[in-house]
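What follows is a single structure, written as structure tokens, with notes after it.
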Amino acid sequence: MDTFYVTTPIYYVNDVPHIGHAYTTIAADVLARYHRQLGEDVFFLTGTDEHGNPAARAAERRGVTPQQHVDEMVVKFRELAQQVDATNDFFIRTTDKEHCDRVQAFIQQLYDRGKIYKKSYRGLYCSACEAFYSEKDLVDGHCPDHDTAPEEVEEENYFFRLSDYQEQLLAHFDDHPDFVMPRSRFNEARSFISQGLDDISISRAALEWGVPVPWDRDQVVYVWVDALLNYITALEYSGGESRLERFWPADYHLMAKDILKFHAVIWPAMLMAADMELPQHLFVHGYLLMGGQKMSKTRGNVLDPFAVMDKYGVDAFRFYCFREVTFGQDGVVSLEGFENRYNSELANELGNLLSRTLAMIRKYNGGALPPPAEGGELALAAATMGADVAAAMKTVNLTAALESIWSFVRALNRYVEENAPWQLAKDEARRPALEAVLYNLAEGLRISAIHLYPFIPSTAARIIGQLGYQPGDAGLASGEAAWGSDATGQQIEPGEPLFPGLTETAATAP
Ligand code: ME8
């Protein structure tokens with residue numbers, strides 16, 4: 001059986017989750033659900049990055065211990081995963097003892113192999129990024145991401161021989177042109193490597209909140225080394241037996257560009273140093289912007305995803321994320337844009353289409369699904385959609401996949417108007433044509449729902465259920481999405497409108 005392993009970044013717990021965290025988690029969930037539909041053996045990992053300066057400082061500000069702070073904050077991140085309907089198979093915390101033990105074993109192994117050495121170091125450190133900067137990277141003396149002045153730090157640290165891996169990394173990039181996607185991010189990472197790599201400090205002396213360096217307890221492991229290792233430690237301890245062999249290398253690490261360098265340079269070099277395989281792809285999506293500014297915890301202009309989902313439902317939010325902003329690019333999100341799409345697309349083009357179809361089946365066919373019909377152009381369009389969705393999902397083009405599905409939903413809306421079942425119903429001689437149109441609409445909706453399932457899972461299940469099918473009929477592996485389900489005579493089960501409240505009309509026949 002094919003396996004599929006997808007990860008999100010593990011999120012910092014210095015503040016509450018925001019829409020950017022929800023976005024990456026939903027994207028990973030869309031992929032996980034899609035690959036399960038294909039019948040693959042899927043592992044979907046998310047979690048929290050709990051060590052390091054920002055968490056320790058946040059705890060200090062609140063007057064609690066770091067452990068108390070992270071224990072409280074992690075609740076919100078677990079809730080976020082649940083509320084966006086994420087089907088993650090495990091939630092890793094870097095404070096898990098099992099993780100910490102494995103981080104120590106990993107770096108001990110690199111130390112024993114001579115990949116780590118001690119030296120005294122002086123540099124400019126941005127504690128919000130947890131990264132050192134050289135003068136040339138700063139903008140007016142400030143961190144380019146946080147706009148704060150870095151501190152000058154001088155300590156004896158352990159260094160990882162990153163510079164040894166420059167050639168090997170470049171070769172890997174050249175041999176794997178889709179190692180980093182999209183292409184612009186690949187070029188960015190490759191060019192960074194080709195400019196030359198310095199060894200990096202992988203421990204901190206002044207910090208207590210972290211994993212102790214096993215051979216020198218006065219130091220803790222650099223938080224990024226600790227964090228990146230989550231992608232393999234989780235596989236080792238999340239189940240009864242290690243899943244490392246089954247799922248490593250990961251298929252996709254998802255992230256935004258803020259953490260590309262760590263994933264495209266340091267992480268692969270660490271794996272090379274340990275003689276491990278590299279992840280197959282890093283997919284770098286864009287930033288969700290509000291009012292043209294990147295949202296981040298440190299800037300304070302966050303949109304609360306919990307409030308949006310409470311009001312409009314989680315599926316509407318999931319849909320909006322990938323419909324509004326091309327996955328892989330930056331894009332602006334707003335409440336106004338959200339409401340527009342909710343009204344015009346979800347409530348009207350999808351919700352209304354279902355309620356009209358069901359109302360007509362009830363009115364003209366006693367609530368029973370008519371016998372299978374040929375489908376004609378509609379069936380062809382459904383097959384094209386299926387092929388387009390598969391091609392788009394292969395390259396993680398979630399927006400293109402959704403667009404193909406939506407073109408088909410629009411074709412169904414046109415089909416109702418062009419075939420006007422209410423006219424056909426006036427003439428008993430045209431009864432076969434009426435039944436074919438009703439079947440085709442129901443079948444088109446069923447197939448749309450199967451393809452929509454990864455994006456809006458509960459809505460898709462409701463569509464399938466209201467059409468009278470068993471919930472769970474949403475696979476792709478055994479031809480469920482092919483035209484012509486043989487469900488003759490089953491009773492439809494109309495329910496509540498899919499997306500109520502704004503403009504969806506009552507479920508009555510036109
Ligand atoms: O960087 N738009 O954690 P973090 C889209 N702990 N996505 C966004 C976003 C936005 N405006 N803001 C954040 C860390 N994200 C480290 C990761 S991994 C081994 C360690 C998402 O809490 C996006 O995925 O700052 C980004 O890469 C991530 O949150 C950063 O989360």
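Going by the structure tokens order, chains are called A, B, ..., each with residues numbered from 1, while ligands are numbered from 1 in the order shown.
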
- Quick one: residues within 6 Å of ligand 1, with only C-alpha atoms and all ligand atoms, as a ChimeraX atom specification? /A:9-12,20-21,23-24,49,227-228,255-256,258-259,286-289,294-296

- Message: List as a VMD selection string the protein and nucleic acid residues near Asp71 (chain A), meaning an atom at most 12 Å away when only C-alpha atoms are counted, but skip any in the same chain fewer than 3 places from it.
- Response: chain A and resid 13 to 14 48 to 51 55 59 64 to 68 74 to 78 93 to 96

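Compared by their closest atoms to Trp215 (chain A), and using only C-alpha atoms, the residues A:Ile361, A:Leu254, A:Ile116, A:Ala131 rank with A:Ile116 nearest.
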
- Message: With only C-alpha atoms as the counted atoms, please give the residues lying no more than 10 Å from Leu138 (chain A), apart from itself and same-chain residues fewer than 2 positions off, as a count of residues only.
- Response: 15

Write out as CSV the residues of region 196-315 of chain A that have any atom within 8 Å of an atom of region 97-105 of chain A, one row each with the nearest atom pair and its distance in Å to one decimal, counting only C-alpha atoms, sorted by chain and then rising number.
residue,atom,partner,partner_atom,distance
A:Val211,CA,A:Cys100,CA,6.0
A:Pro212,CA,A:Gln104,CA,7.6
A:Val213,CA,A:Gln104,CA,6.6
A:Pro214,CA,A:Gln104,CA,5.9
A:Asp226,CA,A:Val103,CA,6.1
A:Leu229,CA,A:Val103,CA,6.7
A:Asn230,CA,A:His99,CA,7.0
A:Thr233,CA,A:His99,CA,5.7
A:Ala234,CA,A:His99,CA,7.1
A:Tyr237,CA,A:Glu98,CA,6.7

- Item | Spatial neighbours of region 433-446 of chain A, max dist 6 Å, only C-alpha atoms, sep filter under 3 positions, as a PyMOL selection string | chain A and resi 370+373+375+421+424+430+449+464

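Here CA of Phe317 (chain A) stands at a distance of 19.7 Å from CA of Ser407 (chain A).
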
- Could you state the separation of CA of Ala32 (chain A) and CA of Pro500 (chain A) in Å, given to one decimal place? 28.1 Å

- For Gly468 (chain A), work out the shell of residues within 7 Å, counting only C-alpha atoms and skipping chain neighbours fewer than 2 positions away, then give it as a VMD selection string. chain A and resid 464 to 466 470 490 to 493

- Task: Would you please give, as JSON, numbers by chain, all residues of region 268-480 of chain A that DSSP assigns to alpha helix (DSSP H) based on the backbone?
- Result: {"A": [268, 269, 270, 271, 272, 273, 305, 306, 307, 308, 309, 310, 311, 312, 314, 315, 316, 317, 318, 319, 320, 321, 322, 323, 324, 335, 336, 337, 338, 339, 340, 341, 353, 354, 355, 356, 357, 358, 359, 360, 361, 362, 363, 364, 365, 376, 377, 378, 379, 380, 381, 382, 383, 384, 385, 386, 387, 388, 389, 390, 391, 392, 393, 394, 398, 399, 400, 401, 402, 403, 404, 405, 406, 407, 408, 409, 410, 411, 412, 413, 414, 415, 416, 417, 418, 419, 421, 422, 423, 424, 431, 432, 433, 434, 435, 436, 437, 438, 439, 440, 441, 442, 443, 444, 445, 446, 447, 448, 449, 450, 451, 452, 457, 458, 459, 460, 461, 462, 463, 464, 465, 466]}

- Item | Residue among A:Ala128, A:Ile26, A:Leu498, A:Val223 lying closest to Asp85 (chain A), counting only C-alpha atoms |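 Selected residue with least distance to Asp85 (chain A): A:Ile26.
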
- Point out the residue among A:Leu80, A:Ala27, A:Leu358, A:Ile193 with the least atom-to-atom distance to Arg318 (chain A), counting only C-alpha atoms.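 The answer is A:Ala27, which sits nearest to Arg318 (chain A).
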
- Which of A:Ser163, A:Asn413, A:Asn340, A:Ser448 sits closest to Ala383 (chain A) [using only C-alpha atoms]: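 For Ala383 (chain A), the nearest of the candidates is A:Ser448.
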
- Name the closest residue to Leu197 (chain A) among the candidates A:Tyr5, A:Tyr415, A:Tyr364, A:Tyr165; distances are taken between atoms, counting only C-alpha atoms. A:Tyr165

- Out of region 223-274 of chain A, which residues get strand (DSSP E) from DSSP, as a list in words?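 Result set for region 223-274 of chain A (strand (DSSP E)): Tyr252, His253, Leu254, Met255 and Ala256 of chain A.
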
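Of note, CA of His281 (chain A) and CA of Phe179 (chain A) are spaced 4.5 Å apart.
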
- Item | For Glu208 (chain A): contacts at 10 Å, only C-alpha atoms, fewer than 2 positions along chain excluded, given as a list in words | His51, Gly52, Asn53, Ala56, Pro66, Arg204, Ala205, Ala206, Gly210, Val211, Pro212, Arg217, Asp218, Gln219, Val220 and Val221 of chain A

- Message: I'd like the contact shell of Lys115 (chain A) - 12 Å cut-off, only C-alpha atoms, skipping same-chain residues fewer than 5 positions apart - returned as a list of chain:residue names.
- Response: A:Phe106, A:Ile107, A:Gln108, A:Gln109, A:Leu110, A:Tyr158, A:Phe159, A:Phe160, A:Arg161, A:Leu162, A:Ser163, A:Asp164, A:Tyr165, A:Asp199, A:Ile200, A:Ser201, A:Ile202, A:Ala269, A:Met270, A:Leu271, A:Met272, A:Ala273, A:Ala274, A:Asp275

- Query: For Ala387 (chain A), which of A:Leu282, A:Leu476, A:Cys126, A:Ala347 is the closest residue, counting only C-alpha atoms?
  - Reply: A:Leu476
